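Working notes, structure below.
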Number of protein chains: 2
Amino acid sequence: MKKCKLDLLILLARKGALSESILVSTSALSAEFGGSKDGISQQTVSRWLLELEDSDLIGRNGKRVRIESSGRQKIEEIALVAKESLAGKTAKPAECCDIKGKVASGFCEGKYYVALPEYKKQLASKLGFSPFAGTLNIRLSRSSDVERVRKLKASGGIETDEFVRDGRSFGRSKCFPVLIAGKIRGALIFPSRSHYGDEVVEVIAPVCLREKLKLKDGKEVSIRVL
Amino acid sequence: MKKCKLDLLILLARKGALSESILVSTSALSAEFGGSKDGISQQTVSRWLLELEDSDLIGRNGKRVRIESSGRQKIEEIALVAKESLAGKTAKPAECCDIKGKVASGFCEGKYYVALPEYKKQLASKLGFSPFAGTLNIRLSRSSDVERVRKLKASGGIETDEFVRDGRSFGRSKCFPVLIAGKIRGALIFPSRSHYGDEVVEVIAPVCLREKLKLKDGKEVSIRVL
DNA sequence: ATTACTAGTACTCGAGTAT
DNA sequence: TATACTCGAGTACTAGTAA
């Protein structure tokens, strides 16, 4: 399998760059990858090192290279995942987890959807509560939470059906029951065709969350996925 | 850092594909990588799976995927390297190892070089023996040995100097002392500008190896790098 | 619903080379 | 020596879609 930046990071680790600043040259690293032909060229190693530096995975000082904490984290993550997989432990789908983010204003697509009686009815029966006609937008602060949300969306969840109203078709949405700020039961709602990336999530609840929790834009909120 | 095929393999492992055939879809895997935008598209996951299958790292049967032994080996390797690096163990340069290959005929560049008095003299003083005017070409059978040879070449070795003769310049070469077939001391020789890839190595010794070891093309020979 | 093909674009690579 | 830039060539990507 073709080598990649990750292989370079691991090679640096193997050479001891985790514990100290080590002396390397781009051409020597290239040679260890099998040279220019069929391997990785000196130029590419040079570029990869610059890119690893850009992402703060490594630090450089002249010809010395040292792996930074985020680089170490990456390697620890891989080691852990590989070890657990080999041991037969598999990732459990949609397990309970906590995510955090800040209240944000936004397009309120969710609000629009939730206000439609067809959806409201579906949500009430599938989630166990009748949603307030509005959504709370949360911008996730940690990139690990963005990752978590992606896995969550991929793992299943409660789906609402699509329907047609006034000749327009409304797509599906995925919901996940949550506990907001440790107090109020609600749900994350992801319209199937969202304008947001995964860094903003929409929360619905039986009540107006902004009022009940006295929230203003920018205030931090924690959400427990159940 | 951008995901790569290796990440896909690890993800499959994480989902339990090491111990059993698991049910996955290319779109779900794509979603776990963050979807099409900024992540990896369904089409790419499809292609990656086909490529992993081509390299025999995974096996597929309809929508079921299972990691094959070479895929498991890959993951074990990563787990080991990552673990050792984190534990502070660094890779030792040019350690003693055994490589194997079959006798091959070839261009005999080495023979030409070795026959030159300037080289012969240098080799005699640097290697401790006066080389027979001929080389034995060995085609490595295991790809892991090719890898080993690359690392070897990158790690240092004994270098001969370049020189000029009859207005033509002759480049450097790198040598590594070895024990051939467990009996004869010699050296691997790598001219700096070789016509071979790393899958063929040239061996020199104080004697004619073909005669002494009664070798014919295709016969397997083991070489211990000292 | 799926997988994976084709087509066209975008990105990455490495040769050459400046520094 | 070394690193890292430019740029043309080739690879890998995604959108669209067929099966």
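In the structure tokens, the first chain shown is A, the next is B, and so on; residue numbers restart at 1 for each chain, and ligands run from 1 in the order shown.
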Return as CSV the residues of chain C lying at most 9 Å from chain B, together with the closest atom-to-atom pair for each and the distance in Å to one decimal, counting only C-alpha atoms (C1' of nucleotides), with rows in chain order and ascending residue number.
```
residue,atom,partner,partner_atom,distance
C:DT2,C1',B:Ser25,CA,8.0
C:DT3,C1',B:Ser46,CA,7.3
C:DA4,C1',B:Ser46,CA,6.9
```
Selected residues written out, N, CA, C and O atoms (P, O5', C5', C4', C3', O3' and C1' of nucleotides), as a JSON list (two decimals), in the first residue's frame:
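The new file part18.json reads:
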```json
[["chain", "number", "residue", "atom", "x", "y", "z"],
["C", 2, "DT", "P", -28.16, 2.42, 0.77],
["C", 2, "DT", "O5'", -27.04, 1.47, 0.20],
["C", 2, "DT", "C5'", -26.83, 0.46, 0.11],
["C", 2, "DT", "C4'", -26.67, -0.53, -1.02],
["C", 2, "DT", "C3'", -25.40, -0.36, -1.80],
["C", 2, "DT", "O3'", -24.37, -1.01, -1.06],
["C", 2, "DT", "C1'", -27.23, -0.71, -3.28],
["C", 3, "DT", "P", -22.90, -0.46, -1.15],
["C", 3, "DT", "O5'", -22.40, -0.96, -2.58],
["C", 3, "DT", "C5'", -22.45, -2.33, -2.91],
["C", 3, "DT", "C4'", -22.04, -2.48, -4.36],
["C", 3, "DT", "C3'", -20.64, -1.98, -4.68],
["C", 3, "DT", "O3'", -20.04, -2.89, -5.59],
["C", 3, "DT", "C1'", -22.23, -0.83, -6.01],
["C", 4, "DA", "P", -18.48, -2.87, -5.83],
["C", 4, "DA", "O5'", -18.40, -2.01, -7.17],
["C", 4, "DA", "C5'", -19.04, -2.50, -8.34],
["C", 4, "DA", "C4'", -19.01, -1.41, -9.39],
["C", 4, "DA", "C3'", -17.65, -0.73, -9.61],
["C", 4, "DA", "O3'", -17.52, -0.47, -10.99],
["C", 4, "DA", "C1'", -19.24, 0.88, -9.21]]
```
Taking the DSSP secondary structure from the backbone, can you list the residues of region 27-219 of chain A that are strand (DSSP E), as an MDAnalysis selection string?
chainID A and resid 58:61 64:67 97:104 136:140 158:160 163:165 168:170 173:180 184:191 200:204
- Item | CA of Glu202 (chain B) to CA of Ser41 (chain A), distance in Å rounded to a single decimal |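 Separation of CA of Glu202 (chain B) and CA of Ser41 (chain A): 24.1 Å.
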- Please measure the separation of CA of Lys126 (chain B) and CA of Thr90 (chain B), giving the value in Å to one decimal.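 A separation of 28.8 Å between them.
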Q.
Tell me as a count of residues only which residues belonging to chain B come within 7 Å of chain A, counting only C-alpha atoms.
A. 22
| query | Residues at most 9 Å from DA12 (chain D), counting only C-alpha atoms (C1' of nucleotides), excluding those fewer than 3 positions away in the same chain, as a PyMOL selection string? | reply | (chain B and resi 44) or (chain C and resi 10-12)
